[in-house]
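Okay, target_4.txt is below, compact mmCIF, C-alpha atoms:
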# COMPACT_ATOMS: atom_id res chain seq x y z
CA MET A 172 0.00 0.00 0.00
CA TRP A 173 2.59 2.50 1.16
CA LYS A 174 6.08 2.43 -0.20
CA ALA A 175 8.68 1.81 2.41
CA ARG A 176 10.80 4.78 3.31
CA PRO A 177 14.47 4.48 2.30
CA GLU A 178 15.73 4.12 5.85
CA GLU A 179 13.36 1.19 6.36
CA LYS A 180 14.83 -0.81 3.49
CA PRO A 181 16.54 -4.07 4.34
CA THR A 182 20.18 -3.58 5.13
CA GLY A 183 21.35 -5.97 2.43
CA SER A 184 20.49 -3.45 -0.28
CA ALA A 185 22.34 -0.57 1.30
CA ALA A 186 24.18 1.48 -1.30
CA PRO A 187 27.93 1.63 -0.85
CA ALA A 188 27.83 5.44 -0.70
CA PRO A 189 31.47 5.90 0.09
CA SER A 190 32.10 9.03 2.04
CA THR A 191 34.91 11.53 1.83
CA THR A 192 34.68 12.19 5.51
CA ASN A 193 34.91 10.12 8.61
CA ASN A 194 32.01 11.67 10.40
CA SER A 195 30.04 8.47 10.18
CA THR A 196 30.07 6.52 13.35
CA THR A 197 30.91 3.47 11.32
CA MET A 198 33.95 4.64 9.46
CA SER A 199 37.43 4.90 10.81
CA ALA A 200 38.51 4.31 14.31
CA THR A 201 41.77 6.01 13.50
CA PRO A 202 40.97 9.17 11.65
CA VAL A 203 42.68 10.15 8.44
CA THR A 204 44.77 13.12 9.36
CA ALA A 205 45.02 15.56 6.56
CA VAL A 206 44.95 19.18 5.64
CA VAL A 207 42.26 19.76 3.11
CA SER A 208 42.72 22.85 1.04
CA ALA A 209 40.09 25.50 1.22
CA GLY A 210 39.40 25.26 -2.48
CA ALA A 211 38.54 21.63 -2.18
CA ALA A 212 36.20 21.96 0.70
CA ALA A 213 33.12 21.71 -1.47
CA ALA A 214 33.31 18.01 -2.06
CA PRO A 215 33.49 16.87 1.52
CA ALA A 216 30.85 19.38 2.44
CA ALA A 217 28.37 17.57 0.29
CA SER A 218 28.74 14.47 2.37
CA ALA A 219 29.10 16.37 5.59
CA ALA A 220 25.36 16.55 6.07
CA PRO A 221 24.49 14.69 9.26
CA ARG A 222 23.54 11.11 8.64
CA SER A 223 20.53 9.62 10.14
CA THR A 224 21.44 8.23 13.51
CA PHE A 225 18.84 5.53 12.95
CA VAL A 226 21.25 3.01 11.46
CA PRO A 227 20.44 -0.63 12.02
CA GLN A 228 23.27 -2.74 13.35
CA ARG A 229 23.69 -4.87 10.21
CA GLN A 230 23.82 -1.81 8.00
CA ALA A 231 26.50 -0.38 10.20
CA GLU A 232 28.52 -3.55 9.77
CA ASN A 233 28.18 -3.30 6.01
CA PHE A 234 29.50 0.23 6.12
CA ARG A 235 32.50 -0.95 8.10
CA ALA A 236 33.37 -3.28 5.27
CA GLU A 237 33.28 -0.43 2.79
CA VAL A 238 36.30 1.52 1.70
CA ALA A 239 36.91 5.12 2.68
CA HIS A 240 36.76 7.34 -0.38
CA ILE A 241 38.46 10.61 -1.21
CA GLY A 242 36.85 12.20 -4.21
CA LYS A 243 38.50 13.73 -7.22
CA SER A 244 37.96 17.34 -6.20
CA VAL A 245 39.81 16.92 -2.91
CA LEU A 246 43.36 18.19 -2.47
CA ILE A 247 45.30 17.01 0.55
CA LYS A 248 48.62 18.54 1.57
CA GLY A 249 50.48 16.86 4.37
CA GLU A 250 50.56 13.48 6.00
CA LEU A 251 47.69 11.16 5.20
CA SER A 252 47.52 8.15 7.49
CA GLY A 253 44.85 5.73 8.52
CA SER A 254 43.97 2.22 9.51
CA GLU A 255 41.38 1.28 6.96
CA ASP A 256 41.31 0.68 3.23
CA LEU A 257 41.21 3.84 1.14
CA TYR A 258 40.12 4.74 -2.38
CA LEU A 259 41.87 7.92 -3.38
CA ASP A 260 40.69 9.72 -6.48
CA GLY A 261 41.86 13.18 -5.48
CA GLU A 262 45.21 14.89 -5.20
CA VAL A 263 47.72 14.31 -2.43
CA GLU A 264 51.02 16.05 -1.75
CA GLY A 265 53.04 14.78 1.18
CA SER A 266 52.94 11.18 2.34
CA VAL A 267 50.42 8.36 2.53
CA ASP A 268 50.72 5.70 5.21
CA LEU A 269 48.01 3.08 5.53
CA LYS A 270 50.08 0.47 7.35
CA GLN A 271 48.26 -2.86 7.02
CA HIS A 272 45.56 -1.64 4.68
CA SER A 273 45.10 -1.21 0.99
CA LEU A 274 45.21 1.94 -1.09
CA THR A 275 43.61 2.30 -4.48
CA VAL A 276 44.59 5.35 -6.50
CA GLY A 277 41.66 6.02 -8.80
CA PRO A 278 41.92 7.13 -12.41
CA HIS A 279 41.71 10.78 -11.39
CA GLY A 280 44.15 10.34 -8.52
CA ARG A 281 47.28 12.51 -8.61
CA ILE A 282 49.71 11.62 -5.86
CA ARG A 283 52.97 13.42 -5.21
CA ALA A 284 53.92 11.48 -2.16
CA ASN A 285 55.65 8.38 -0.90
CA ILE A 286 53.12 5.64 -0.24
CA ARG A 287 53.21 2.84 2.29
CA ALA A 288 50.39 0.32 2.49
CA ARG A 289 49.81 -3.42 2.54
CA GLU A 290 48.49 -3.38 -1.00
CA VAL A 291 48.59 -0.55 -3.53
CA ILE A 292 46.58 -0.45 -6.73
CA VAL A 293 47.26 2.43 -9.10
CA HIS A 294 44.96 3.59 -11.89
CA GLY A 295 46.04 7.22 -11.84
CA LYS A 296 49.30 9.12 -11.53
CA VAL A 297 51.85 8.72 -8.76
CA ASP A 298 55.06 10.68 -8.38
CA GLY A 299 56.80 9.08 -5.44
CA ASN A 300 57.97 5.76 -4.06
CA ILE A 301 55.56 2.95 -3.30
CA ALA A 302 56.18 0.45 -0.54
CA GLY A 303 53.50 -2.22 -0.75
CA ASP A 304 54.11 -4.80 1.93
CA GLU A 305 52.25 -7.49 0.01
CA LYS A 306 51.38 -6.36 -3.48
CA VAL A 307 51.56 -3.47 -5.93
CA GLU A 308 49.38 -3.35 -9.02
CA LEU A 309 49.80 -0.88 -11.87
CA LYS A 310 46.73 -0.82 -14.06
CA LYS A 311 46.94 0.09 -17.73
CA SER A 312 46.13 3.75 -17.11
CA ALA A 313 48.76 4.06 -14.37
CA VAL A 314 51.65 6.51 -14.62
CA LEU A 315 54.27 5.98 -11.95
CA SER A 316 57.52 7.87 -11.50
CA GLY A 317 59.15 6.35 -8.46
CA ASP A 318 60.49 3.16 -7.00
CA ILE A 319 58.47 0.14 -5.99
CA THR A 320 59.33 -2.13 -3.10
CA THR A 321 57.00 -5.06 -2.60
CA GLN A 322 56.67 -8.83 -2.53
CA ARG A 323 54.39 -9.20 -5.54
CA ILE A 324 53.88 -6.93 -8.49
CA MET A 325 51.36 -6.86 -11.31
CA ILE A 326 51.71 -4.45 -14.20
CA GLU A 327 49.19 -4.20 -17.00
CA ASP A 328 50.35 -3.54 -20.51
CA GLY A 329 50.00 0.17 -21.17
CA ALA A 330 51.09 1.30 -17.74
CA PHE A 331 53.95 3.78 -17.69
CA PHE A 332 56.65 3.16 -15.16
CA LYS A 333 59.86 5.05 -14.52
CA GLY A 334 61.87 3.87 -11.57
CA ALA A 335 63.15 0.78 -9.84
CA ILE A 336 61.44 -2.40 -8.76
CA ASP A 337 62.84 -4.28 -5.82
CA LEU A 338 60.95 -7.44 -5.02
CA LEU A 339 61.25 -8.54 -1.43
CA LYS A 340 61.74 -12.14 -0.44
CA ASP A 341 60.76 -12.71 3.16
CA GLY A 342 60.90 -8.99 3.65
CA LYS A 343 64.45 -8.69 2.32
CA SER A 344 65.65 -7.00 -0.83
CA GLN A 345 66.70 -9.39 -3.60
CA SER A 346 69.45 -7.15 -4.85
CA GLY A 347 71.23 -7.05 -1.50
CA ASP A 348 73.93 -4.64 -0.55
CA HIS A 349 76.88 -6.80 -1.40
CA ARG A 350 78.39 -5.91 -4.74
CA ARG A 351 80.20 -8.55 -6.68
CA GLU A 352 82.87 -7.98 -9.20
CA LEU A 353 81.46 -9.05 -12.52
CA SER A 354 83.36 -10.80 -15.19
CA PHE A 355 81.38 -10.79 -18.39
CA THR A 356 84.41 -10.46 -20.62
CA SER A 357 84.24 -14.06 -21.67
CA ALA A 358 80.72 -13.59 -22.99
CA ALA A 359 81.65 -10.67 -25.22
CA GLY A 360 84.80 -10.99 -27.17
CA SER A 361 86.75 -8.38 -29.02
CA ASN A 362 85.43 -6.20 -31.81
CA SER A 363 84.38 -7.88 -34.96
CA MET B 43 62.28 23.27 -48.25
CA PRO B 44 65.14 22.46 -45.87
CA GLN B 45 62.86 23.59 -43.06
CA PHE B 46 60.27 21.14 -44.25
CA LEU B 47 62.81 18.33 -44.38
CA LYS B 48 63.93 19.06 -40.85
CA MET B 49 60.38 18.85 -39.68
CA PHE B 50 59.93 15.65 -41.57
CA ARG B 51 63.01 14.11 -40.04
CA SER B 52 62.30 15.38 -36.59
CA SER B 53 61.30 12.74 -34.10
CA THR B 54 59.42 15.21 -32.05
CA THR B 55 55.71 14.81 -31.89
CA ALA B 56 55.28 16.87 -28.79
CA GLY B 57 51.72 17.86 -28.21
CA THR B 58 50.33 15.00 -30.21
CA PRO B 59 48.57 12.29 -28.29
CA PRO B 60 50.43 9.00 -27.98
CA LEU B 61 49.44 6.50 -30.58
CA ALA B 62 48.25 3.18 -29.36
CA PRO B 63 50.81 0.48 -30.03
CA SER B 64 49.86 -2.45 -32.17
CA GLN B 65 48.72 -5.37 -30.07
CA GLU B 66 50.44 -7.83 -32.36
CA ARG B 67 53.70 -9.29 -31.10
CA VAL B 68 56.04 -10.96 -33.51
CA PRO B 69 58.46 -13.50 -32.03
CA ARG B 70 62.09 -13.22 -33.07
CA ARG B 71 65.11 -15.23 -32.05
CA SER B 72 68.01 -13.15 -30.77
CA THR B 73 71.55 -14.43 -30.46
CA GLY B 74 72.60 -11.26 -28.67
CA PHE B 75 69.89 -11.67 -26.09
CA GLN B 76 70.75 -15.34 -25.71
CA GLU B 77 74.30 -14.33 -24.74
CA PHE B 78 72.95 -11.60 -22.48
CA THR B 79 70.64 -14.11 -20.78
CA LYS B 80 73.49 -16.46 -19.98
CA VAL B 81 75.04 -13.71 -17.94
CA ILE B 82 71.93 -12.55 -16.10
CA GLN B 83 70.87 -16.12 -15.38
CA ALA B 84 74.23 -16.94 -13.86
CA ARG B 85 73.51 -15.14 -10.61
CA GLU B 86 70.76 -13.42 -8.67
CA GLY B 87 70.55 -9.94 -7.29
CA LEU B 88 71.84 -7.98 -10.27
CA ASN B 89 70.81 -4.42 -10.99
CA VAL B 90 69.31 -4.33 -14.47
CA LEU B 91 68.48 -1.12 -16.33
CA ASP B 92 65.84 -1.32 -19.05
CA LEU B 93 65.83 1.78 -21.27
CA GLY B 94 62.91 0.71 -23.42
CA PRO B 95 59.18 1.24 -22.96
CA THR B 96 57.62 -0.29 -19.86
CA SER B 97 57.09 -3.97 -20.51
CA PRO B 98 55.31 -6.04 -17.87
CA THR B 99 56.76 -9.13 -19.53
CA ASN B 100 60.34 -7.89 -19.11
CA ILE B 101 59.74 -6.82 -15.54
CA HIS B 102 58.27 -10.21 -14.71
CA TYR B 103 61.10 -12.06 -16.43
CA LEU B 104 63.88 -10.08 -14.79
CA THR B 105 62.40 -9.95 -11.32
CA SER B 106 61.68 -13.68 -11.44
CA LEU B 107 65.41 -14.17 -11.95
CA GLY B 108 65.91 -12.36 -8.68
CA HIS B 109 67.14 -9.09 -10.11
CA LYS B 110 66.29 -5.53 -9.25
CA ILE B 111 65.05 -3.75 -12.34
CA TYR B 112 65.12 -0.07 -13.23
CA ASN B 113 62.97 1.16 -16.06
CA VAL B 114 63.43 4.46 -17.86
CA ASP B 115 61.72 4.93 -21.21
CA VAL B 116 64.40 7.23 -22.58
CA LEU B 117 62.76 7.83 -25.91
CA LEU B 118 59.44 8.81 -24.42
CA SER B 119 61.16 11.01 -21.84
CA SER B 120 63.02 12.81 -24.63
CA MET B 121 59.68 13.93 -26.01
CA ASP B 122 58.52 15.54 -22.82
CA PRO B 123 57.27 18.97 -23.97
CA ALA B 124 58.76 20.52 -20.82
CA LEU B 125 62.22 19.53 -22.05
CA LEU B 126 61.81 20.97 -25.53
CA SER B 127 62.87 24.46 -26.43
CA PRO B 128 62.65 26.23 -29.79
CA GLY B 129 65.93 26.16 -31.67
CA GLU B 130 67.39 28.92 -33.82
CA ASP B 131 65.65 27.58 -36.91
CA GLY B 132 62.33 27.24 -35.12
CA VAL B 133 62.54 23.49 -34.75
CA ALA B 134 62.04 22.30 -31.20
CA THR B 135 65.08 20.62 -29.72
CA VAL B 136 65.55 18.85 -26.45
CA ASP B 137 67.39 20.64 -23.65
CA VAL B 138 70.20 18.15 -23.04
CA GLU B 139 71.24 19.53 -19.66
CA ARG B 140 67.73 19.43 -18.29
CA PHE B 141 67.09 16.03 -19.77
CA PHE B 142 70.00 14.48 -17.91
CA ALA B 143 69.19 16.43 -14.77
CA GLU B 144 65.77 14.80 -14.72
CA ASN B 145 66.51 11.41 -16.22
CA LEU B 146 68.94 8.58 -15.54
CA VAL B 147 69.83 9.96 -12.14
CA PHE B 148 70.43 6.98 -9.87
CA ARG B 149 72.11 8.39 -6.76
CA GLY B 150 75.14 6.13 -6.75
CA GLU B 151 73.38 3.01 -8.05
CA GLN B 152 75.53 0.92 -10.38
CA PHE B 153 74.16 -1.46 -12.97
CA ASP B 154 75.31 -4.92 -13.90
CA ALA B 155 73.28 -5.14 -17.09
CA VAL B 156 71.66 -2.59 -19.41
CA LEU B 157 69.04 -3.16 -22.09
CA LEU B 158 69.39 -0.36 -24.61
CA TRP B 159 67.36 -2.15 -27.29
CA SER B 160 67.15 0.04 -30.44
CA VAL B 161 66.71 3.32 -28.58
CA ALA B 162 69.91 4.91 -29.94
CA ASP B 163 68.66 4.75 -33.53
CA TYR B 164 65.55 6.78 -32.69
CA LEU B 165 66.87 9.19 -30.11
CA PRO B 166 67.44 12.86 -31.00
CA GLU B 167 71.02 13.35 -32.15
CA LEU B 168 71.89 15.66 -29.27
CA LEU B 169 71.16 12.97 -26.70
CA VAL B 170 72.96 9.96 -28.17
CA LYS B 171 76.54 10.56 -27.05
CA PRO B 172 75.64 11.98 -23.63
CA LEU B 173 73.34 8.98 -23.12
CA VAL B 174 76.14 6.51 -23.77
CA GLU B 175 78.44 8.51 -21.46
CA ARG B 176 75.80 8.47 -18.73
CA ILE B 177 75.32 4.73 -19.17
CA HIS B 178 79.07 4.24 -18.89
CA SER B 179 79.13 6.21 -15.66
CA VAL B 180 76.38 4.14 -14.03
CA MET B 181 77.58 0.69 -15.09
CA GLN B 182 79.68 -1.66 -13.04
CA PRO B 183 83.07 -2.56 -14.49
CA GLY B 184 82.44 -5.78 -16.36
CA GLY B 185 78.74 -5.01 -16.72
CA MET B 186 77.03 -5.85 -20.00
CA LEU B 187 74.85 -3.82 -22.37
CA LEU B 188 72.68 -5.13 -25.17
CA GLY B 189 71.86 -2.78 -28.02
CA PHE B 190 70.19 -3.21 -31.39
CA PHE B 191 71.14 -1.08 -34.37
CA HIS B 192 69.61 -1.01 -37.80
CA THR B 193 71.80 -1.68 -40.79
CA LYS B 194 71.65 0.69 -43.74
CA ASP B 195 69.24 -1.66 -45.48
CA ALA B 196 66.57 -1.04 -42.90
CA GLY B 197 65.42 2.21 -44.54
CA PRO B 198 64.07 5.34 -42.90
CA GLN B 199 60.65 3.82 -42.42
CA ALA B 200 61.98 1.07 -40.19
CA PRO B 201 59.43 0.90 -37.39
CA TYR B 202 60.28 1.32 -33.76
CA HIS B 203 59.61 -1.75 -31.67
CA ARG B 204 59.02 -2.54 -28.07
CA TYR B 205 60.99 -5.61 -27.14
CA HIS B 206 59.33 -8.12 -24.84
CA ILE B 207 61.36 -10.98 -23.44
CA ALA B 208 59.64 -14.21 -24.39
CA GLY B 209 62.35 -16.65 -23.40
CA ALA B 210 66.05 -17.13 -22.96
CA ASP B 211 66.72 -16.56 -26.66
CA THR B 212 63.44 -15.17 -27.94
CA LEU B 213 62.05 -11.67 -28.03
CA GLU B 214 58.63 -10.50 -29.10
CA LEU B 215 58.51 -7.33 -31.16
CA GLN B 216 55.58 -4.98 -30.86
CA GLN B 217 55.44 -2.11 -33.30
CA VAL B 218 55.13 1.42 -31.93
CA PRO B 219 54.17 3.90 -34.64
CA ARG B 220 55.21 7.00 -32.77
CA PHE B 221 58.93 7.18 -33.46
CA ARG B 222 60.96 7.63 -36.58
CA LEU B 223 64.40 6.21 -37.36
CA GLN B 224 66.89 9.07 -36.98
CA ARG B 225 70.08 7.54 -38.31
CA VAL B 226 71.87 4.33 -39.09
CA PHE B 227 75.11 3.50 -37.32
CA ASN B 228 77.67 1.38 -39.08
CA ASN B 229 80.15 -0.79 -37.17
CA ARG B 230 82.69 2.00 -36.99
CA HIS B 231 80.13 4.46 -35.59
CA ILE B 232 79.12 1.98 -32.94
CA GLU B 233 82.72 1.36 -31.94
CA ASN B 234 83.26 5.09 -31.63
CA LEU B 235 80.10 5.52 -29.65
CA PHE B 236 81.23 2.93 -27.10
CA HIS B 237 84.93 3.77 -27.21
CA ASN B 238 85.06 4.05 -23.41
CA PHE B 239 83.90 0.48 -22.99
CA LYS B 240 86.06 -2.58 -22.77
CA SER B 241 84.79 -4.67 -25.65
CA LEU B 242 82.04 -5.07 -28.22
CA LYS B 243 80.66 -8.09 -29.97
CA PHE B 244 78.43 -7.90 -33.05
CA PHE B 245 75.76 -10.29 -34.25
CA LEU B 246 74.20 -9.60 -37.62
CA ALA B 247 70.55 -10.60 -37.70
CA ARG B 248 68.40 -11.31 -40.72
CA ASP B 249 65.99 -8.44 -40.18
CA HIS B 250 68.55 -5.73 -41.03
CA THR B 251 69.51 -5.43 -37.40
CA ARG B 252 72.91 -5.54 -35.80
CA GLU B 253 72.85 -6.87 -32.25
CA VAL B 254 75.68 -5.59 -30.12
CA LEU B 255 76.92 -6.81 -26.75
CA VAL B 256 79.06 -4.24 -25.01
CA VAL B 257 81.12 -4.90 -21.92
CA ARG B 258 81.93 -1.98 -19.62
Rewrite the coordinates I just gave you, this time as structure tokens.
Amino acid sequence: MWKARPEEKPTGSAAPAPSTTNNSTTMSATPVTAVVSAGAAAAPAASAAPRSTFVPQRQAENFRAEVAHIGKSVLIKGELSGSEDLYLDGEVEGSVDLKQHSLTVGPHGRIRANIRAREVIVHGKVDGNIAGDEKVELKKSAVLSGDITTQRIMIEDGAFFKGAIDLLKDGKSQSGDHRRELSFTSAAGSNS
Amino acid sequence: MPQFLKMFRSSTTAGTPPLAPSQERVPRRSTGFQEFTKVIQAREGLNVLDLGPTSPTNIHYLTSLGHKIYNVDVLLSSMDPALLSPGEDGVATVDVERFFAENLVFRGEQFDAVLLWSVADYLPELLVKPLVERIHSVMQPGGMLLGFFHTKDAGPQAPYHRYHIAGADTLELQQVPRFRLQRVFNNRHIENLFHNFKSLKFFLARDHTREVLVVR
């Protein structure tokens, strides 16, 4: 007879609705510390409207599983750290440290910062070093100028990469510090 | 007319969008690479410098051998509009000093192996000698470089290729339509270019290509 109001819908159909802020009671326990430029304040403001406090428990759990989202109009200068997964489609200058969590740089993402995270997936542009404790993925639209240190790497054809890749084995660099005197002379003879 | 010819010969396509490379990869056996592979397979933990376009295949191959890989697409970097300045005749030329201030800077890192591929044939003239000097300065004594050079039979339309490592003695060539052959080095030119190095070894391939192994 009457259509159910949105907030009365079953929790299973809750839209992801990623938020650029952490004002939700369900988002981060450790807040993302950042300086958001004044010019970019419009985007977060849109999602800064107070949420309904009438959030069923299951819906809250679903939100916890979602990824924090920084939109493409946001500019962050400074240190960005957190303890939850992050989708970053905006601009960051400084450093990004997500410890044991994953970072996805969206196609509009422009990062001029060193990145540390458990897993880093890049669609956009990064100018800085990436330390991915487990895995680093460069998608075909990725443009990376910087070094990668990780255990596993995946690079799609079309990605641009300028820098070094050091794959870690059991947390140690493969290249090592010891330098060995090379003797390749036998392989290449004198001029023809 | 000379102006027109210079434009025609110029490799610069600054401001034009990058053309999508052909998806087709043509396998090709390479004796030079086979020799190169013997060296890089002999031990782990080498520093390898790849000066060609980013190739996931190459990165996978080299890292799976336990090496640390550095990738700098020299040719693409040379076309960075920020590095181009108008010359006296109006033709844009690359600022050599700025190019080497922003590229191939490794902060004391030394390389055991360098993949030059066919970059030297397509690079702007101003960058060729300084590039080889920079490579010499960042290579370990005894380190090895693999370069491909067209023979005079290749012709000015010889396409630029990305080289993907397909095996210990096999490469896959993928055509990139963006670059134009700038010159053809003969043996003597190549020897002069690498005169600071210890030794060179030439392999003449069937496809009008000279494969050269250079030892630092």
Exercise for review: With a distance cut-off of 8 Å and all atoms listed in the file, select the neighbouring residues of B:Phe190, excluding the residue or stretch itself and same-chain residues fewer than 5 positions from it, and output the selection as a PyMOL selection string.
Suggested key: chain B and resi 158-161+251-254
Review point. A:Asp304: which residues within 9 Å, counting all atoms listed in the file, same-chain residues fewer than 6 positions away excluded, as a PyMOL selection string?
Key: chain A and resi 270-271+287-291+320-323+339+342
Proximity of chain B to chain A: per-residue shortest pair, 8 Å limit, all atoms listed in the file, as CSV:
residue,atom,partner,partner_atom,distance
B:Glu77,CA,A:Ala358,CA,6.7
B:Val81,CA,A:Phe355,CA,7.0
B:Glu86,CA,A:Ser346,CA,7.5
B:Gly87,CA,A:Ser346,CA,3.9
B:Leu88,CA,A:Ser346,CA,6.0
B:Asn89,CA,A:Ser346,CA,6.9
B:Pro95,CA,A:Phe331,CA,7.8
B:Thr96,CA,A:Phe331,CA,5.9
B:Ser97,CA,A:Asp328,CA,6.8
B:Pro98,CA,A:Ile326,CA,5.4
B:Thr105,CA,A:Leu338,CA,6.9
B:Gly108,CA,A:Gln345,CA,5.9
B:His109,CA,A:Ser346,CA,6.1
B:Lys110,CA,A:Asp337,CA,5.0
B:Ile111,CA,A:Ile336,CA,5.3
B:Tyr112,CA,A:Ala335,CA,4.0
B:Asn113,CA,A:Lys333,CA,5.2
B:Val114,CA,A:Lys333,CA,4.9
B:Asp115,CA,A:Lys333,CA,6.9
B:Asp154,CA,A:Leu353,CA,7.5
B:Gln182,CA,A:Leu353,CA,7.6
B:Pro183,CA,A:Leu353,CA,7.0
B:Gly184,CA,A:Leu353,CA,5.1
B:Gly185,CA,A:Leu353,CA,6.4
B:Met186,CA,A:Phe355,CA,6.8
B:Ser241,CA,A:Ser361,CA,5.4
B:Leu242,CA,A:Asn362,CA,5.1
B:Lys243,CA,A:Asn362,CA,5.5
B:Phe244,CA,A:Ser363,CA,6.2
B:Leu255,CA,A:Ala359,CA,6.3
B:Val256,CA,A:Ala359,CA,6.9
B:Val257,CA,A:Thr356,CA,6.6
Hey, can you pull every residue with an atom no more than 10 Å from (62.6, 11.0, -23.3), using only C-alpha atoms, and send it as a PDB file with C-alpha atoms, in the coordinates of the input?
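Everything below was put into result.pdb:
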ATOM      1  CA  LEU B  93      65.830   1.780 -21.270  1.00  0.00           C
ATOM      2  CA  VAL B 114      63.430   4.460 -17.860  1.00  0.00           C
ATOM      3  CA  ASP B 115      61.720   4.930 -21.210  1.00  0.00           C
ATOM      4  CA  VAL B 116      64.400   7.230 -22.580  1.00  0.00           C
ATOM      5  CA  LEU B 117      62.760   7.830 -25.910  1.00  0.00           C
ATOM      6  CA  LEU B 118      59.440   8.810 -24.420  1.00  0.00           C
ATOM      7  CA  SER B 119      61.160  11.010 -21.840  1.00  0.00           C
ATOM      8  CA  SER B 120      63.020  12.810 -24.630  1.00  0.00           C
ATOM      9  CA  MET B 121      59.680  13.930 -26.010  1.00  0.00           C
ATOM     10  CA  ASP B 122      58.520  15.540 -22.820  1.00  0.00           C
ATOM     11  CA  PRO B 123      57.270  18.970 -23.970  1.00  0.00           C
ATOM     12  CA  LEU B 125      62.220  19.530 -22.050  1.00  0.00           C
ATOM     13  CA  VAL B 136      65.550  18.850 -26.450  1.00  0.00           C
ATOM     14  CA  PHE B 141      67.090  16.030 -19.770  1.00  0.00           C
ATOM     15  CA  PHE B 142      70.000  14.480 -17.910  1.00  0.00           C
ATOM     16  CA  GLU B 144      65.770  14.800 -14.720  1.00  0.00           C
ATOM     17  CA  ASN B 145      66.510  11.410 -16.220  1.00  0.00           C
ATOM     18  CA  LEU B 165      66.870   9.190 -30.110  1.00  0.00           C
ATOM     19  CA  PRO B 166      67.440  12.860 -31.000  1.00  0.00           C
ATOM     20  CA  LEU B 169      71.160  12.970 -26.700  1.00  0.00           C
TER      21      LEU B 169
END
Check your understanding: From the list B:Thr193, B:Gln83, B:Gln217, B:Ser106, which residue is nearest B:Val68 when using only C-alpha atoms?
Key ->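 Residue with the minimum atom-to-atom distance to B:Val68: B:Gln217.
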